[in-house]
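Worksheet for the structure shown next.
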2 protein chains.
Amino acid sequence: MDEAQVERVQIERVRRFNRTVTERVGALNDRYLGRERPIGAARLLWETGDGGRDVRELRERLELDSGYVSRLLRSLENDGLVTVERQQRDRRVRTVRLTEAGRAERAALDSGSDELAGSLLEPLNPSQRARLVDAMAEVERLLTASTVTLETVDPDHPDAEYCLRSYFTELQERFDSGFDPALSLLPDAGELRLPRGLFVVARLHGEPVGCAGLKLPSGAPAEIKRMWIAPRARRLGLGRRFLAELEARAAEKGVRVLRLDTNKTLDAAIALYHSAGFQEVPAFNDEPYAHHWFEKRIAPPHGTTG
Amino acid sequence: MDEAQVERVQIERVRRFNRTVTERVGALNDRYLGRERPIGAARLLWETGDGGRDVRELRERLELDSGYVSRLLRSLENDGLVTVERQQRDRRVRTVRLTEAGRAERAALDSGSDELAGSLLEPLNPSQRARLVDAMAEVERLLTASTVTLETVDPDHPDAEYCLRSYFTELQERFDSGFDPALSLLPDAGELRLPRGLFVVARLHGEPVGCAGLKLPSGAPAEIKRMWIAPRARRLGLGRRFLAELEARAAEKGVRVLRLDTNKTLDAAIALYHSAGFQEVPAFNDEPYAHHWFEKRIAPPHGTTG
DNA sequence: ACCATTCTCTGACTAGAGTCAGAGAATGGA
DNA sequence: TCCATTCTCTGACTCTAGTCAGAGAATGGT
């Protein structure tokens, strides 16, 4: 079976999956079922949560028109499910709170979706249930992985800064010796900005969940720096995706050798570098926090000769 | 972790799966995406198919109001996507056919959902893709399994008859010697009807996909007869479910021993009987098509003593 | 004190998705 | 031939889920 055929078959299977699942799962989001309340109102009720929430926050989260939200709130208010009152600090803002009845209704929505989930499991025997749940977790993990997007950003971008802060914090915790940025060979932001380099962040639902930088010194091998992946985005193949992305970007610039250094405590990273075709080489710099140095020869991009 | 906790965790996982999947898969049925056409019209276009279809058939399949379908068809007709004309045989009935443009539109819907499926796979590497597709197949299979319902019916019910016909046809094909019902010890319908027995059919989306009968001779062990599962419903754990159901029903009637006979060519069934706790015993009847005889002692139902 | 901005609300719309009652033509069986 | 039934269509509704423009109050910065 050639590549195109594999793709055909896989796409067909994904489509069958979509049909079966949407049919069985009840099409819409699982939280809003079984009550006679319209979905919009149910979503609002859900998103308000037990602690209450500002109207503008609701609007933003659910991406609804302000007039529409206002009307929905009015109807929930009339049904006695929420109260809406001015915020103390900023009296333009209004805060929504669930009443006792509202909390009950929200709990009912919750148990409705428990029931749906239960009804999927009920006809199965224990071993089938375990297999279903495992397969669902696998599908979910991989669909999440396929939702992660990579984008090149400026190293000063807030998302980049968030990732770098998280990266340093994590190094501090993991390294036996702690981590002091002042002692390390850190590239300044300019080195990770075109034309001297680049910086890529990964996002999941708009939130930054990882980063990787590439230094492109002219006439020398390119160097991967500051690769970090948020705990919740691990085990999604994101490290491999970063490497592939940086390798492709480097190849485009005519780079033929990629290198990087790493600390001995970062086992997952070390395993990744090995399996991605990097060879361990003698130290090529005097980074005090590095114990391993890697190098990989890369192929020129498609459609290029030499 | 006790049973209730396992259930809690499993239900929570199923709900998470539902959230992720409906969000990522685009909520509605995967066929009707990306065109500016309303869903109703798109469904109609899809369901009409290349061969054309009667209006009433469309109405039935999609479970839509007749007035509504009529209006949708009028709009598709105005857009030049379908023609609607009277059926020759019954001039009340009208038949919908796709025009050239309609076929093109339908194909576009099709490729739209290919694209959706492709976009789920695209960010993944080949091994992740394979894992995703496998896990989807597993989820789909088990969700299908959980959609199958069991119902006790009269052996003369059309669904029962359909299953029995299929069962005999299959025996004829599989047995080395063929199968002639006249030579076999077949219970008559009365023996599979209360109080002398019972008959259960399995259905998937309303269609019969399996059956099993139970003879309940007074003062003798109960006997399982005519268990059959349609090819498309195999490997869903349905055989085990039938056995569990019949065993429970027999136990309710005070039966303490269950037995059955089977042909040597039915390997899957033989393996099932072994793994469900049946012991092979000497022949207890002279069924000419049987090579193996099984027996199982069963426990009295819950809440019963003795 | 002024003014642009922010936040919420109201009113006036639109489109999709569907329900319900009944009209009119065709059909099939007594 | 008559009449109940079947099939489709039309007209008159409803409800959900929005969008858009603008009004009015509160706020923050100058």
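By order in the structure tokens, chains are A, B, ...; within a chain, residues start at 1; ligands start at 1, following the order shown.
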I'd like the contact shell of Ala283 of chain B - 10 Å cut-off, only C-alpha atoms (C1' of nucleotides), skipping same-chain residues fewer than 3 positions apart - returned as a compact mmCIF listing (two decimals) with all heavy atoms, in the first residue's frame.
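Output below, filename part37.txt:
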```txt
# COMPACT_ATOMS: atom_id res chain seq x y z
N LEU B 260 -25.77 -27.12 26.07
CA LEU B 260 -25.87 -26.79 24.66
C LEU B 260 -24.99 -27.75 23.87
O LEU B 260 -24.09 -28.39 24.42
CB LEU B 260 -25.42 -25.35 24.41
CG LEU B 260 -23.99 -24.99 24.84
CD1 LEU B 260 -22.97 -25.26 23.75
CD2 LEU B 260 -23.94 -23.51 25.21
N ASP B 261 -25.29 -27.88 22.58
CA ASP B 261 -24.42 -28.68 21.72
C ASP B 261 -23.98 -27.82 20.55
O ASP B 261 -24.63 -26.82 20.23
CB ASP B 261 -25.17 -29.92 21.23
CG ASP B 261 -26.40 -29.55 20.42
OD1 ASP B 261 -26.27 -28.98 19.32
OD2 ASP B 261 -27.53 -29.84 20.92
N GLU B 280 -16.98 -29.31 28.81
CA GLU B 280 -17.40 -30.26 27.80
C GLU B 280 -17.85 -31.54 28.51
O GLU B 280 -17.23 -31.98 29.48
CB GLU B 280 -16.26 -30.57 26.82
CG GLU B 280 -16.75 -31.35 25.64
CD GLU B 280 -15.96 -31.08 24.35
OE1 GLU B 280 -14.97 -30.31 24.41
OE2 GLU B 280 -16.33 -31.65 23.31
N ASP B 286 -28.89 -36.89 20.61
CA ASP B 286 -28.29 -37.48 19.41
C ASP B 286 -28.46 -36.57 18.20
O ASP B 286 -28.76 -37.01 17.10
CB ASP B 286 -28.82 -38.89 19.15
CG ASP B 286 -30.33 -38.92 19.31
OD1 ASP B 286 -30.93 -37.84 19.51
OD2 ASP B 286 -30.91 -40.02 19.24
N GLU B 287 -28.22 -35.28 18.44
CA GLU B 287 -28.19 -34.29 17.37
C GLU B 287 -27.11 -34.71 16.36
O GLU B 287 -25.94 -34.81 16.70
CB GLU B 287 -27.85 -32.91 17.97
CG GLU B 287 -27.41 -31.84 16.99
CD GLU B 287 -28.49 -31.45 15.99
OE1 GLU B 287 -29.63 -31.21 16.41
OE2 GLU B 287 -28.18 -31.45 14.77
N ALA B 290 -24.04 -32.27 15.84
CA ALA B 290 -23.22 -31.83 16.98
C ALA B 290 -21.98 -32.70 17.12
O ALA B 290 -22.00 -33.90 16.85
CB ALA B 290 -24.04 -31.90 18.27
N HIS B 291 -20.86 -32.04 17.50
CA HIS B 291 -19.64 -32.77 17.83
C HIS B 291 -19.22 -32.51 19.26
O HIS B 291 -18.40 -33.22 19.81
CB HIS B 291 -18.49 -32.35 16.91
CG HIS B 291 -18.78 -32.57 15.46
ND1 HIS B 291 -19.26 -31.59 14.64
CD2 HIS B 291 -18.66 -33.69 14.71
CE1 HIS B 291 -19.43 -32.07 13.41
NE2 HIS B 291 -19.07 -33.35 13.43
N HIS B 292 -19.73 -31.46 19.85
CA HIS B 292 -19.35 -31.11 21.21
C HIS B 292 -20.60 -30.79 22.02
O HIS B 292 -21.53 -30.18 21.50
CB HIS B 292 -18.44 -29.88 21.24
CG HIS B 292 -17.18 -30.05 20.45
ND1 HIS B 292 -16.08 -30.70 20.94
CD2 HIS B 292 -16.87 -29.66 19.20
CE1 HIS B 292 -15.13 -30.70 20.02
NE2 HIS B 292 -15.58 -30.07 18.94
N TRP B 293 -20.57 -31.26 23.28
CA TRP B 293 -21.69 -30.97 24.18
C TRP B 293 -21.12 -30.28 25.41
O TRP B 293 -20.05 -30.66 25.89
CB TRP B 293 -22.40 -32.27 24.58
CG TRP B 293 -23.19 -32.87 23.46
CD1 TRP B 293 -24.54 -32.79 23.27
CD2 TRP B 293 -22.69 -33.67 22.37
NE1 TRP B 293 -24.91 -33.47 22.13
CE2 TRP B 293 -23.80 -34.02 21.54
CE3 TRP B 293 -21.42 -34.13 21.97
CZ2 TRP B 293 -23.70 -34.79 20.38
CZ3 TRP B 293 -21.30 -34.88 20.82
CH2 TRP B 293 -22.44 -35.21 20.03
N PHE B 294 -21.81 -29.23 25.86
CA PHE B 294 -21.30 -28.45 27.00
C PHE B 294 -22.36 -28.32 28.08
O PHE B 294 -23.56 -28.41 27.81
CB PHE B 294 -20.92 -27.04 26.56
CG PHE B 294 -19.67 -26.97 25.73
CD1 PHE B 294 -19.74 -27.05 24.34
CD2 PHE B 294 -18.44 -26.82 26.34
CE1 PHE B 294 -18.58 -26.98 23.58
CE2 PHE B 294 -17.28 -26.75 25.58
CZ PHE B 294 -17.35 -26.82 24.19
```
task = Write out as a ChimeraX atom specification each polymer residue whose atoms come within 9 Å of Leu236 of chain A, counting only C-alpha atoms (C1' of nucleotides); drop sequence neighbours fewer than 6 positions from it.
result = /A:141-142,144-146 /B:128
Serialized selection, N, CA, C and O atoms, as a CSV table (one decimal), in the first residue's frame:
```csv
chain,number,residue,atom,x,y,z
A,141,ARG,N,-5.8,12.2,23.6
A,141,ARG,CA,-4.4,12.6,23.6
A,141,ARG,C,-4.0,13.0,22.2
A,141,ARG,O,-3.4,14.1,22.0
A,142,LEU,N,-4.3,12.2,21.3
A,142,LEU,CA,-3.7,12.4,19.9
A,142,LEU,C,-4.5,13.6,19.2
A,142,LEU,O,-3.9,14.4,18.5
A,144,THR,N,-5.7,16.1,20.9
A,144,THR,CA,-5.1,17.2,21.5
A,144,THR,C,-3.8,17.6,20.8
A,144,THR,O,-3.5,18.7,20.5
A,145,ALA,N,-3.0,16.6,20.6
A,145,ALA,CA,-1.7,16.8,20.0
A,145,ALA,C,-1.9,17.5,18.6
A,145,ALA,O,-1.2,18.4,18.2
A,146,SER,N,-2.9,17.0,17.9
A,146,SER,CA,-3.1,17.6,16.6
A,146,SER,C,-3.7,19.0,16.6
A,146,SER,O,-3.8,19.7,15.6
B,128,GLN,N,2.1,8.4,15.1
B,128,GLN,CA,0.9,8.9,15.8
B,128,GLN,C,-0.4,8.7,15.0
B,128,GLN,O,-1.4,8.4,15.6
```
request  = Provide as a PyMOL selection string the residues of chain A at most 12 Å from chain C, counting only C-alpha atoms (C1' of nucleotides).
outcome  = chain A and resi 54-57+59+65-74+84-87+90-95
inquiry  = With DSSP run on the backbone, what are the helix (DSSP H, G or I) residues within segment 146-203 of chain A? I'd like them as a PyMOL selection string.
reply    = chain A and resi 146-147+158-174+181-183+189-192
ask   = Once you count only C-alpha atoms (C1' of nucleotides), which residues of chain D turn out to be within 12 Å of chain A? Could you give them as a VMD selection string?
value = chain D and resid 15 to 22 24 to 28
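For chain B, the residues no farther than 6 Å from chain A when using only C-alpha atoms are Ile11, Val14, Phe17, Ala27, Leu28, Ala117, Leu120, Pro123, Leu132, Ala135, Val139, Glu140 and Ser146 of chain B.
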request  = Give me every strand (DSSP E) residue in segment 12-253 of chain A, going by DSSP on the backbone, as a ChimeraX atom specification.
outcome  = /A:53-54,82-86,94-98,149-152,197-204,207-215,222-229
Take the selection from the previous step and output its residues with N, CA and C atoms, as a short mmCIF file (atom, residue, chain, number, x, y, z; two decimals), in the first residue's frame.
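And here's result27.cif as it stands now:
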```
data_model
loop_
_atom_site.label_atom_id
_atom_site.label_comp_id
_atom_site.auth_asym_id
_atom_site.auth_seq_id
_atom_site.Cartn_x
_atom_site.Cartn_y
_atom_site.Cartn_z
N ARG A 53 -19.42 35.09 38.33
CA ARG A 53 -18.51 35.52 37.27
C ARG A 53 -19.02 36.82 36.66
N ASP A 54 -18.08 37.68 36.22
CA ASP A 54 -18.48 38.93 35.59
C ASP A 54 -19.07 38.68 34.22
N VAL A 82 -30.31 32.88 38.52
CA VAL A 82 -29.13 33.70 38.80
C VAL A 82 -29.56 35.06 39.33
N THR A 83 -28.62 35.72 39.99
CA THR A 83 -28.79 37.14 40.30
C THR A 83 -27.67 37.87 39.58
N VAL A 84 -27.97 39.11 39.13
CA VAL A 84 -26.96 39.92 38.46
C VAL A 84 -26.88 41.24 39.20
N GLU A 85 -25.68 41.58 39.67
CA GLU A 85 -25.57 42.86 40.38
C GLU A 85 -24.27 43.57 40.03
N ARG A 86 -24.24 44.86 40.27
CA ARG A 86 -23.07 45.66 39.94
C ARG A 86 -21.88 45.23 40.79
N ARG A 94 -21.04 44.06 35.69
CA ARG A 94 -22.06 43.36 36.47
C ARG A 94 -21.60 41.92 36.71
N THR A 95 -21.92 41.43 37.87
CA THR A 95 -21.47 40.11 38.27
C THR A 95 -22.67 39.16 38.37
N VAL A 96 -22.50 37.99 37.81
CA VAL A 96 -23.57 36.99 37.83
C VAL A 96 -23.27 35.98 38.92
N ARG A 97 -24.27 35.65 39.69
CA ARG A 97 -24.14 34.63 40.73
C ARG A 97 -25.29 33.66 40.64
N LEU A 98 -25.00 32.39 40.88
CA LEU A 98 -26.07 31.39 40.88
C LEU A 98 -26.87 31.49 42.17
N THR A 149 -0.66 24.13 17.79
CA THR A 149 -0.12 24.82 16.61
C THR A 149 1.25 25.39 16.94
N LEU A 150 2.11 25.47 15.94
CA LEU A 150 3.42 26.09 16.11
C LEU A 150 3.41 27.42 15.38
N GLU A 151 4.02 28.43 16.01
CA GLU A 151 4.12 29.71 15.33
C GLU A 151 5.44 30.38 15.69
N THR A 152 6.06 31.00 14.70
CA THR A 152 7.28 31.74 14.95
C THR A 152 6.90 33.10 15.52
N GLY A 197 18.48 34.23 14.05
CA GLY A 197 17.89 33.05 14.65
C GLY A 197 16.38 33.14 14.58
N LEU A 198 15.71 32.26 15.32
CA LEU A 198 14.26 32.38 15.36
C LEU A 198 13.74 31.69 16.61
N PHE A 199 12.49 31.96 16.90
CA PHE A 199 11.90 31.44 18.12
C PHE A 199 10.48 30.98 17.82
N VAL A 200 10.17 29.76 18.23
CA VAL A 200 8.88 29.17 17.90
C VAL A 200 8.13 28.87 19.19
N VAL A 201 6.85 29.25 19.26
CA VAL A 201 6.04 28.79 20.40
C VAL A 201 4.95 27.86 19.91
N ALA A 202 4.59 26.92 20.80
CA ALA A 202 3.47 26.01 20.55
C ALA A 202 2.29 26.50 21.36
N ARG A 203 1.11 26.44 20.78
CA ARG A 203 -0.08 26.86 21.51
C ARG A 203 -1.17 25.79 21.44
N LEU A 204 -1.89 25.70 22.54
CA LEU A 204 -3.06 24.81 22.60
C LEU A 204 -4.24 25.68 23.01
N GLU A 207 -3.32 29.08 24.18
CA GLU A 207 -2.42 29.24 25.31
C GLU A 207 -1.05 28.65 24.99
N PRO A 208 0.02 29.37 25.37
CA PRO A 208 1.35 28.85 25.08
C PRO A 208 1.64 27.59 25.90
N VAL A 209 2.13 26.55 25.25
CA VAL A 209 2.45 25.30 25.95
C VAL A 209 3.83 24.77 25.60
N GLY A 210 4.66 25.60 24.96
CA GLY A 210 6.01 25.13 24.67
C GLY A 210 6.74 26.11 23.79
N CYS A 211 8.06 25.97 23.76
CA CYS A 211 8.84 26.85 22.91
C CYS A 211 10.14 26.18 22.50
N ALA A 212 10.78 26.73 21.49
CA ALA A 212 12.10 26.27 21.09
C ALA A 212 12.74 27.39 20.27
N GLY A 213 14.04 27.59 20.51
CA GLY A 213 14.76 28.64 19.79
C GLY A 213 15.83 28.03 18.90
N LEU A 214 16.16 28.76 17.86
CA LEU A 214 17.21 28.30 16.94
C LEU A 214 18.16 29.45 16.70
N LYS A 215 19.46 29.24 16.98
CA LYS A 215 20.49 30.22 16.65
C LYS A 215 21.05 29.88 15.28
N ALA A 222 23.94 25.53 13.08
CA ALA A 222 22.82 26.12 13.81
C ALA A 222 22.71 25.44 15.17
N GLU A 223 22.11 26.11 16.12
CA GLU A 223 22.06 25.56 17.46
C GLU A 223 20.65 25.69 18.05
N ILE A 224 20.16 24.59 18.58
CA ILE A 224 18.84 24.60 19.21
C ILE A 224 18.99 25.00 20.67
N LYS A 225 18.19 25.96 21.10
CA LYS A 225 18.27 26.46 22.47
C LYS A 225 16.87 26.54 23.08
N ARG A 226 16.84 26.41 24.40
CA ARG A 226 15.62 26.73 25.15
C ARG A 226 14.37 26.00 24.70
N MET A 227 14.53 24.72 24.49
CA MET A 227 13.33 23.95 24.15
C MET A 227 12.64 23.54 25.44
N TRP A 228 11.36 23.90 25.53
CA TRP A 228 10.61 23.58 26.74
C TRP A 228 9.19 23.20 26.36
N ILE A 229 8.63 22.26 27.08
CA ILE A 229 7.25 21.85 26.84
C ILE A 229 6.52 21.80 28.18
#
```
task = Find the distance between atom CA of Arg37 of chain B and atom CA of Gly49 of chain B and write it in Å to one decimal.
result = 16.9 Å
message = What's around Ala189 of chain B at 9 Å? Count only C-alpha atoms (C1' of nucleotides), leave out sequence neighbours fewer than 4 positions away in its own chain, and write the answer as a list in words.
response = Asp154, Pro155, Asp156 and Arg193 of chain B
query = Which neighbours of Arg106 of chain B fall inside 9 Å, counting only C-alpha atoms (C1' of nucleotides), when residues of the same chain fewer than 3 positions from it are skipped, and could you give them as a PyMOL selection string?
reply = chain B and resi 42+45-46+49+98+101-103+109-111
note = A straight line from atom CA of Leu243 of chain B to atom CA of Pro221 of chain B spans 15.1 Å
Separation of atom CA of Cys163 of chain A from atom CA of His274 of chain A, in Å and rounded to one decimal =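 Distance between the two atoms: 24.3 Å.
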